[in-house]
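Structure data follow from final-v4.cif (mmCIF, C-alpha atoms):
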data_data
#
loop_
_atom_site.label_atom_id
_atom_site.label_comp_id
_atom_site.auth_asym_id
_atom_site.auth_seq_id
_atom_site.Cartn_x
_atom_site.Cartn_y
_atom_site.Cartn_z
CA MET Q 1343 12.11 8.93 -15.72
CA SER Q 1344 12.11 6.89 -12.50
CA THR Q 1345 9.88 3.85 -12.15
CA PRO Q 1346 7.16 3.95 -9.48
CA GLY Q 1347 7.49 2.31 -6.10
CA LEU Q 1348 10.41 1.43 -3.88
CA GLN Q 1349 13.81 1.30 -5.55
CA ARG Q 1350 15.99 -0.44 -2.93
CA ILE Q 1351 14.64 -3.55 -1.20
CA VAL Q 1352 16.32 -6.17 0.99
CA CYS Q 1353 14.53 -9.55 1.03
CA LEU Q 1354 15.05 -11.59 4.20
CA THR Q 1355 13.28 -14.63 2.75
CA GLU Q 1356 13.32 -16.34 -0.62
CA GLU Q 1357 9.67 -15.92 -1.54
CA THR Q 1358 9.90 -12.13 -1.85
CA THR Q 1359 13.01 -12.42 -4.02
CA GLU Q 1360 11.37 -15.00 -6.29
CA TRP Q 1361 8.22 -12.89 -6.58
CA LEU Q 1362 10.10 -9.73 -7.58
CA TYR Q 1363 12.02 -11.70 -10.20
CA LEU Q 1364 8.75 -13.12 -11.55
CA LEU Q 1365 7.44 -9.57 -11.85
CA GLY Q 1366 10.59 -8.48 -13.66
CA GLU Q 1367 11.50 -6.13 -10.82
CA GLU Q 1368 14.72 -7.77 -9.66
CA ALA Q 1369 16.68 -4.54 -10.19
CA ARG Q 1370 15.06 -3.20 -7.03
CA ILE Q 1371 16.58 -5.98 -4.88
CA VAL Q 1372 19.83 -4.96 -3.17
CA GLY Q 1373 20.18 -7.88 -0.72
CA ILE Q 1374 18.80 -11.39 -0.28
CA SER Q 1375 18.64 -14.31 2.14
CA GLY Q 1376 21.46 -16.83 2.04
CA TYR Q 1377 18.81 -19.56 1.69
CA THR Q 1378 17.67 -18.23 -1.69
CA VAL Q 1379 17.76 -20.88 -4.42
CA ARG Q 1380 15.13 -19.56 -6.85
CA PRO Q 1381 15.84 -18.19 -9.31
CA LYS Q 1382 19.35 -19.61 -9.43
CA ARG Q 1383 20.83 -16.44 -10.85
CA ALA Q 1384 19.78 -14.44 -7.80
CA ARG Q 1385 22.65 -15.99 -5.84
CA GLN Q 1386 25.13 -14.66 -8.37
CA GLU Q 1387 23.49 -11.28 -8.86
CA LYS Q 1388 22.59 -10.23 -5.33
CA PRO Q 1389 24.58 -10.03 -2.08
CA ARG Q 1390 23.50 -12.53 0.58
CA VAL Q 1391 22.99 -10.62 3.81
CA SER Q 1392 20.90 -12.84 6.10
CA ALA Q 1393 20.11 -16.34 7.26
CA PHE Q 1394 16.56 -16.84 8.52
CA LEU Q 1395 16.78 -15.96 12.20
CA ASP Q 1396 19.63 -13.47 11.95
CA GLY Q 1397 21.41 -11.23 9.49
CA LYS Q 1398 24.38 -8.96 8.87
CA ILE Q 1399 22.91 -5.79 10.32
CA ASP Q 1400 25.80 -3.49 9.42
CA ARG Q 1401 25.90 -4.78 5.87
CA ILE Q 1402 22.15 -4.41 5.45
CA VAL Q 1403 22.29 -0.84 6.75
CA ALA Q 1404 25.17 -0.09 4.34
CA LEU Q 1405 22.97 -1.11 1.41
CA GLU Q 1406 20.67 1.82 2.28
CA PRO Q 1407 17.40 -0.04 1.61
CA GLU Q 1408 14.16 1.87 1.53
CA LEU Q 1409 12.45 -1.24 2.88
CA VAL Q 1410 13.44 -4.60 4.34
CA ILE Q 1411 10.86 -7.36 3.84
CA GLY Q 1412 10.73 -10.50 5.98
CA PHE Q 1413 8.36 -13.27 6.96
CA SER Q 1414 6.85 -14.68 10.16
CA ASP Q 1415 7.10 -14.24 13.90
CA MET Q 1416 10.35 -16.23 13.73
CA GLN Q 1417 12.06 -13.11 12.35
CA ALA Q 1418 10.83 -10.82 15.12
CA ALA Q 1419 14.27 -10.44 16.74
CA LEU Q 1420 15.94 -9.72 13.40
CA ALA Q 1421 13.25 -7.20 12.53
CA ASP Q 1422 13.70 -5.51 15.91
CA ALA Q 1423 17.45 -5.13 15.34
CA LEU Q 1424 16.90 -3.62 11.90
CA ILE Q 1425 14.24 -1.23 13.16
CA ARG Q 1426 16.57 -0.10 15.95
CA ALA Q 1427 19.21 0.47 13.27
CA GLY Q 1428 16.83 2.98 11.68
CA LEU Q 1429 15.43 0.94 8.78
CA ASN Q 1430 11.89 0.51 7.55
CA VAL Q 1431 10.86 -3.12 8.00
CA LEU Q 1432 7.82 -5.06 6.80
CA ILE Q 1433 7.20 -8.50 8.29
CA THR Q 1434 4.31 -10.46 6.83
CA ASN Q 1435 2.69 -13.46 8.51
CA GLN Q 1436 0.81 -15.29 5.75
CA ARG Q 1437 -0.39 -18.74 6.77
CA SER Q 1438 -2.95 -19.72 4.11
CA VAL Q 1439 -3.03 -19.78 0.31
CA ALA Q 1440 -5.37 -16.79 0.33
CA GLU Q 1441 -3.02 -14.89 2.65
CA ILE Q 1442 -0.08 -15.71 0.37
CA PHE Q 1443 -1.92 -14.18 -2.57
CA ALA Q 1444 -2.76 -11.13 -0.46
CA THR Q 1445 0.92 -10.75 0.45
CA LEU Q 1446 1.95 -11.05 -3.20
CA ARG Q 1447 -0.52 -8.28 -4.03
CA LEU Q 1448 0.93 -6.13 -1.25
CA VAL Q 1449 4.52 -6.52 -2.46
CA ALA Q 1450 3.50 -5.95 -6.07
CA GLY Q 1451 1.75 -2.74 -5.05
CA LEU Q 1452 4.93 -1.49 -3.40
CA VAL Q 1453 6.73 -1.68 -6.76
CA GLY Q 1454 3.86 -0.52 -8.95
CA ARG Q 1455 3.12 -3.91 -10.55
CA GLY Q 1456 -0.40 -4.60 -9.32
CA ASP Q 1457 -1.76 -5.49 -12.77
CA ALA Q 1458 0.99 -8.02 -13.45
CA ALA Q 1459 0.41 -9.56 -10.02
CA GLU Q 1460 -3.31 -9.97 -10.63
CA ALA Q 1461 -2.66 -11.70 -13.96
CA TRP Q 1462 -0.21 -14.16 -12.37
CA ILE Q 1463 -2.48 -14.88 -9.40
CA ALA Q 1464 -5.46 -15.47 -11.72
CA GLN Q 1465 -3.43 -18.05 -13.66
CA CYS Q 1466 -2.39 -19.74 -10.43
CA GLU Q 1467 -5.97 -19.87 -9.10
CA GLN Q 1468 -7.14 -21.31 -12.42
CA ARG Q 1469 -4.52 -24.04 -12.21
CA HIS Q 1470 -5.57 -24.82 -8.64
CA ALA Q 1471 -9.18 -25.19 -9.83
CA GLU Q 1472 -8.12 -27.56 -12.62
CA ILE Q 1473 -6.09 -29.72 -10.23
CA ARG Q 1474 -8.92 -29.78 -7.68
CA ALA Q 1475 -11.41 -30.89 -10.36
CA GLU Q 1476 -9.13 -33.65 -11.62
CA ALA Q 1477 -8.41 -34.90 -8.09
CA ALA Q 1478 -12.14 -35.02 -7.34
CA GLN Q 1479 -12.40 -37.93 -9.79
CA TRP Q 1480 -10.05 -40.13 -7.79
CA PRO Q 1481 -11.59 -43.18 -6.06
CA ARG Q 1482 -9.92 -42.25 -2.74
CA ARG Q 1483 -7.95 -39.43 -1.16
CA PRO Q 1484 -4.46 -40.40 0.08
CA ARG Q 1485 -3.54 -39.49 3.65
CA VAL Q 1486 -0.44 -37.28 3.66
CA TYR Q 1487 2.11 -36.37 6.31
CA PHE Q 1488 4.19 -33.26 5.59
CA GLU Q 1489 7.26 -32.48 7.69
CA GLU Q 1490 8.46 -28.88 7.92
CA TRP Q 1491 11.36 -29.50 10.32
CA ASP Q 1492 13.00 -32.51 11.95
CA GLU Q 1493 14.60 -31.38 15.24
CA PRO Q 1494 12.12 -30.85 16.80
CA ILE Q 1495 9.60 -32.37 14.45
CA ILE Q 1496 7.31 -29.64 13.11
CA VAL Q 1497 4.35 -30.58 10.93
CA GLY Q 1498 3.04 -28.59 7.97
CA ILE Q 1499 1.70 -25.06 8.06
CA ARG Q 1500 -1.87 -24.23 6.94
CA TRP Q 1501 -1.04 -23.38 3.31
CA VAL Q 1502 0.70 -26.74 2.91
CA ALA Q 1503 -2.41 -28.55 4.18
CA GLU Q 1504 -4.52 -26.50 1.77
CA LEU Q 1505 -2.30 -27.37 -1.21
CA ILE Q 1506 -2.38 -31.05 -0.23
CA ARG Q 1507 -6.17 -30.89 -0.26
CA ILE Q 1508 -6.22 -29.08 -3.63
CA ALA Q 1509 -3.97 -31.84 -4.99
CA GLY Q 1510 -6.40 -34.52 -3.81
CA GLY Q 1511 -5.00 -35.58 -0.46
CA ASP Q 1512 -5.77 -35.04 3.22
CA ASP Q 1513 -3.25 -33.78 5.76
CA ILE Q 1514 -3.10 -36.17 8.72
CA PHE Q 1515 -2.58 -33.26 11.14
CA PRO Q 1516 -5.30 -30.76 10.14
CA GLU Q 1517 -5.72 -29.53 13.70
CA ARG Q 1518 -2.05 -28.58 13.90
CA ALA Q 1519 -2.02 -27.01 10.44
CA ALA Q 1520 -4.64 -24.59 11.76
CA CYS Q 1521 -2.13 -23.31 14.35
CA ALA Q 1522 -0.40 -20.11 13.23
CA LEU Q 1523 2.79 -20.45 15.28
CA ALA Q 1524 5.48 -23.04 14.59
CA ARG Q 1525 5.78 -23.86 18.29
CA ASP Q 1526 2.16 -25.07 18.24
CA ARG Q 1527 2.95 -27.46 15.37
CA ILE Q 1528 5.75 -29.26 17.19
CA LEU Q 1529 5.14 -33.00 17.40
CA ALA Q 1530 6.31 -34.26 20.79
CA ASP Q 1531 5.64 -37.93 19.98
CA ALA Q 1532 7.11 -39.03 16.63
CA ASP Q 1533 5.11 -42.26 16.76
CA GLU Q 1534 1.92 -40.24 16.33
CA VAL Q 1535 2.75 -40.13 12.62
CA VAL Q 1536 2.70 -43.93 12.48
CA ARG Q 1537 -0.55 -44.10 14.42
CA ARG Q 1538 -2.24 -41.78 11.91
CA ALA Q 1539 -1.13 -44.10 9.09
CA PRO Q 1540 -0.21 -41.80 6.20
CA ASP Q 1541 -0.11 -43.20 2.69
CA LEU Q 1542 2.53 -40.70 1.69
CA ILE Q 1543 5.21 -38.74 3.53
CA LEU Q 1544 6.53 -35.47 2.09
CA GLY Q 1545 8.86 -32.88 3.52
CA SER Q 1546 10.69 -29.61 2.99
CA TRP Q 1547 12.91 -28.54 5.87
CA CYS Q 1548 13.25 -24.78 6.09
CA GLY Q 1549 16.88 -23.82 5.63
CA LYS Q 1550 18.42 -27.23 4.99
CA LYS Q 1551 18.09 -30.11 2.57
CA PHE Q 1552 15.26 -32.53 3.28
CA ARG Q 1553 16.68 -36.00 3.94
CA ALA Q 1554 14.05 -38.48 2.87
CA ASP Q 1555 16.27 -41.39 3.89
CA ARG Q 1556 16.34 -40.22 7.51
CA VAL Q 1557 12.59 -39.77 7.66
CA ALA Q 1558 12.02 -43.10 5.93
CA ALA Q 1559 14.25 -44.85 8.48
CA ARG Q 1560 12.31 -43.23 11.30
CA TYR Q 1561 8.93 -44.42 9.99
CA ARG Q 1562 9.76 -47.54 7.98
CA ARG Q 1563 8.04 -49.78 10.47
CA GLY Q 1564 4.80 -47.93 9.84
CA GLY Q 1565 4.64 -48.96 6.20
CA SER Q 1566 4.29 -45.43 4.77
CA ARG Q 1567 5.93 -44.47 1.48
CA CYS Q 1568 8.32 -41.52 1.88
CA CYS Q 1569 9.26 -39.12 -0.92
#

Can you turn what I pasted into C-alpha cells?
Amino acid sequence: MSTPGLQRIVCLTEETTEWLYLLGEEARIVGISGYTVRPKRARQEKPRVSAFLDGKIDRIVALEPELVIGFSDMQAALADALIRAGLNVLITNQRSVAEIFATLRLVAGLVGRGDAAEAWIAQCEQRHAEIRAEAAQWPRRPRVYFEEWDEPIIVGIRWVAELIRIAGGDDIFPERAACALARDRILADADEVVRRAPDLILGSWCGKKFRADRVAARYRRGGSRCC
C-alpha cells in the first residue's frame, strides 16, 4: 500500500530537507541542496543537485521529481529554468516565524503528515513562550546586531529579529528586518553598526562559514562583543 502524498521531492534549500527528516519522511527526498548540513546523514544519503542560486537542471530532471521545493525570490531564476524544463516547482517566501510555521504545515500536508507537524509546532511555540517569559525577568534587553551576509553587508531577516526578541534582545535594525527583500536589507555604511552600539554581534552567512574574527576586526573599535 502506497503512503499518501508526494513520493519524489527535490529540496533546493536545507530547511525543507531537515523538516522532512524530522517528520520521518526522508525516503521521499531524491535530491538536496549542496549547502545541506542538517541532518549530517542527508549528505551521505541524498544526491546534491543544487547550490542556492543555481542547480544541475539536467540532473534534477533525471531524478523525475513530482515536486521541486525552493525558498525566496533569490531562487526565481532557478525556479524558472526548472519550470521551463517541465517540472512542478513550489517556491515559498516565508519571512516571519509565523510564516515559517505556515510553510512547515504546507510541506507536511504535501506528504500526509499534518498531525505530526502540528505536534512539533506546538512544542516549538511552547518553548518560545517559556524563553520569552524567562527573558522578561531580565533587568535590561541587550541590543543585538545580526549579519546575514558580508559582501555586501546584509542585516537580519524578519524571523531573525523576532527570535532575537523572543530570546530577550532587540535587533538594532528593526526597520530593515521588516523589509521582505534581501536587497532592501543591504547596509551601505558599515559604520552604522557602530553608531547603533550593539551589545552583541551574531551572524550566519548563507552558504558559507561565518567568520566571527573578520566581523570582530571590522567592528572592534566600536566595543561590541562578537560571537

Practice item. Using only C-alpha atoms, pick whichever of Q:Arg1538, Q:Arg1474, Q:Lys1388, Q:Arg1525 has the shortest atom-to-atom distance to Q:Val1486. Key: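 Closest candidate: Q:Arg1538.
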
Exercise for review: Find the residues near stretch 1549-1553 of chain Q: any atom within 8 Å, counting only C-alpha atoms, skip ones fewer than 4 places away on the same chain, and give them as a ChimeraX atom specification.
Suggested key: /Q:1377,1394,1545,1557

Mind writing the picked residues with C-alpha atoms as a PDB file, in the coordinates of the input?
ATOM      1  CA  TYR Q1377      18.810 -19.560   1.690  1.00  0.00           C
ATOM      2  CA  PHE Q1394      16.560 -16.840   8.520  1.00  0.00           C
ATOM      3  CA  GLY Q1545       8.860 -32.880   3.520  1.00  0.00           C
ATOM      4  CA  VAL Q1557      12.590 -39.770   7.660  1.00  0.00           C
TER       5      VAL Q1557
END

Review point. How far is it from atom CA of Q:Cys1466 to atom CA of Q:Pro1381, in Å with one decimal?
Key: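 Result for atom CA of Q:Cys1466 versus atom CA of Q:Pro1381: 18.3 Å, one decimal.
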
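Closest to Q:Pro1494 among Q:Ala1471, Q:Leu1448, Q:Ala1530, Q:Val1372 is Q:Ala1530, based on all atoms listed in the file.
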
Would you mind listing what lies within 9 Å of Q:Ala1478 as a PDB file with C-alpha atoms, keeping the file's coordinate frame, with all atoms listed in the file counted and same-chain residues fewer than 5 positions away left out?
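And here's part04.pdb as it stands now:
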ATOM      1  CA  ILE Q1473      -6.090 -29.720 -10.230  1.00  0.00           C
ATOM      2  CA  ARG Q1483      -7.950 -39.430  -1.160  1.00  0.00           C
ATOM      3  CA  GLY Q1510      -6.400 -34.520  -3.810  1.00  0.00           C
TER       4      GLY Q1510
END

Exercise for review: Name the residues captured by the PyMOL selection byres ((chain Q and resi 1403-1407) around 8) when it is applied to the shown file; answer as a ChimeraX atom specification.
Suggested key: /Q:1350-1352,1372-1373,1399-1402,1408-1410,1424,1427,1429

Exercise for review: Enter the distance from atom CA of Q:Leu1395 to atom CA of Q:Gly1347, in Å, rounded to one decimal.
Suggested key: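 That distance, rounded to one decimal, is 27.5 Å.
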
Practice item. Rounded to one decimal place, report the atom CA of Q:Glu1489-atom CA of Q:Ile1543 distance in Å. Key: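 So the answer is 7.8 Å.
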
Point to revise | Residue neighbourhood Q:Gly1456, 12 Å, all atoms listed in the file, exclusion window fewer than 5 positions, as number ranges by chain | key: Q: 1346-1347, 1362, 1365, 1443-1451, 1461-1463

Review point. When distances are computed from all atoms listed in the file, which of Q:Leu1523, Q:Ile1442, Q:Ala1458, Q:Leu1542 shows the smallest separation from Q:Pro1484?
Key: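 Checking each of Q:Leu1523, Q:Ile1442, Q:Ala1458, Q:Leu1542 against Q:Pro1484, counting all atoms listed in the file, the winner is Q:Leu1542.
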
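Closest to Q:Ile1374 among Q:Asp1457, Q:Asn1430, Q:Gln1386, Q:Gln1479 is Q:Gln1386, based on all atoms listed in the file.
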
Exercise for review: Spell out the residues picked by the PyMOL selection byres ((chain Q and resi 1380) around 8) here, as a list in words.
Suggested key: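 Checked against the file, the PyMOL selection byres ((chain Q and resi 1380) around 8) matches Glu1356, Thr1359, Glu1360, Thr1378, Val1379, Pro1381, Lys1382, Arg1383 and Ala1384 of chain Q.
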
What does the file look like for those residues with C-alpha atoms, as a PDB file, in the coordinates of the input?
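Below is the file part_11.pdb, written as the result:
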ATOM      1  CA  GLU Q1356      13.320 -16.340  -0.620  1.00  0.00           C
ATOM      2  CA  THR Q1359      13.010 -12.420  -4.020  1.00  0.00           C
ATOM      3  CA  GLU Q1360      11.370 -15.000  -6.290  1.00  0.00           C
ATOM      4  CA  THR Q1378      17.670 -18.230  -1.690  1.00  0.00           C
ATOM      5  CA  VAL Q1379      17.760 -20.880  -4.420  1.00  0.00           C
ATOM      6  CA  PRO Q1381      15.840 -18.190  -9.310  1.00  0.00           C
ATOM      7  CA  LYS Q1382      19.350 -19.610  -9.430  1.00  0.00           C
ATOM      8  CA  ARG Q1383      20.830 -16.440 -10.850  1.00  0.00           C
ATOM      9  CA  ALA Q1384      19.780 -14.440  -7.800  1.00  0.00           C
TER      10      ALA Q1384
END

Practice item. Pick out the closest residue to Q:Arg1485 from this set: Q:Leu1529, Q:Ser1546, Q:Val1535, Q:Gln1468. Count all atoms listed in the file. Key: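 The shortest atom-to-atom distance to Q:Arg1485 comes from Q:Val1535.
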
Point to revise | Nearest candidate to Q:Ala1393 (options Q:Ala1475, Q:Met1416, Q:Ile1506, Q:Leu1354; using all atoms listed in the file) | key: Q:Leu1354

Check your understanding: Mind telling me what the PyMOL selection byres ((chain Q and resi 1512) around 10) catches here, as a VMD selection string?
Key -> chain Q and resid 1483 to 1487 1503 to 1511 1513 to 1516 1540 to 1541

Exercise for review: Would you kindly identify which residues have an atom no farther than 12 Å from (3.7, -26.2, 17.7), using all atoms listed in the file and the file's own coordinates, and write them out as a ChimeraX atom specification?
Suggested key: /Q:1490-1491,1494-1499,1515,1517-1530

Take every atom of stretch 1537-1545 of chain Q listed in the file, pad by 5 Å on each side, and give me the axis-aligned box centre and edge lengths in Å, one decimal, as AutoDock Vina command-line options.
--center_x 3.3 --center_y -38.5 --center_z 8.1 --size_x 21.1 --size_y 21.2 --size_z 22.7

Point to revise | Contacts of Q:Phe1413 at 7 Å (only C-alpha atoms; same-chain gap of 2+ positions) as a PyMOL selection string | key: chain Q and resi 1355+1417+1433-1435

Would you output that residue set with C-alpha atoms, as a compact mmCIF listing (two decimals), in the frame of the given file?
# COMPACT_ATOMS: atom_id res chain seq x y z
CA THR Q 1355 13.28 -14.63 2.75
CA GLN Q 1417 12.06 -13.11 12.35
CA ILE Q 1433 7.20 -8.50 8.29
CA THR Q 1434 4.31 -10.46 6.83
CA ASN Q 1435 2.69 -13.46 8.51
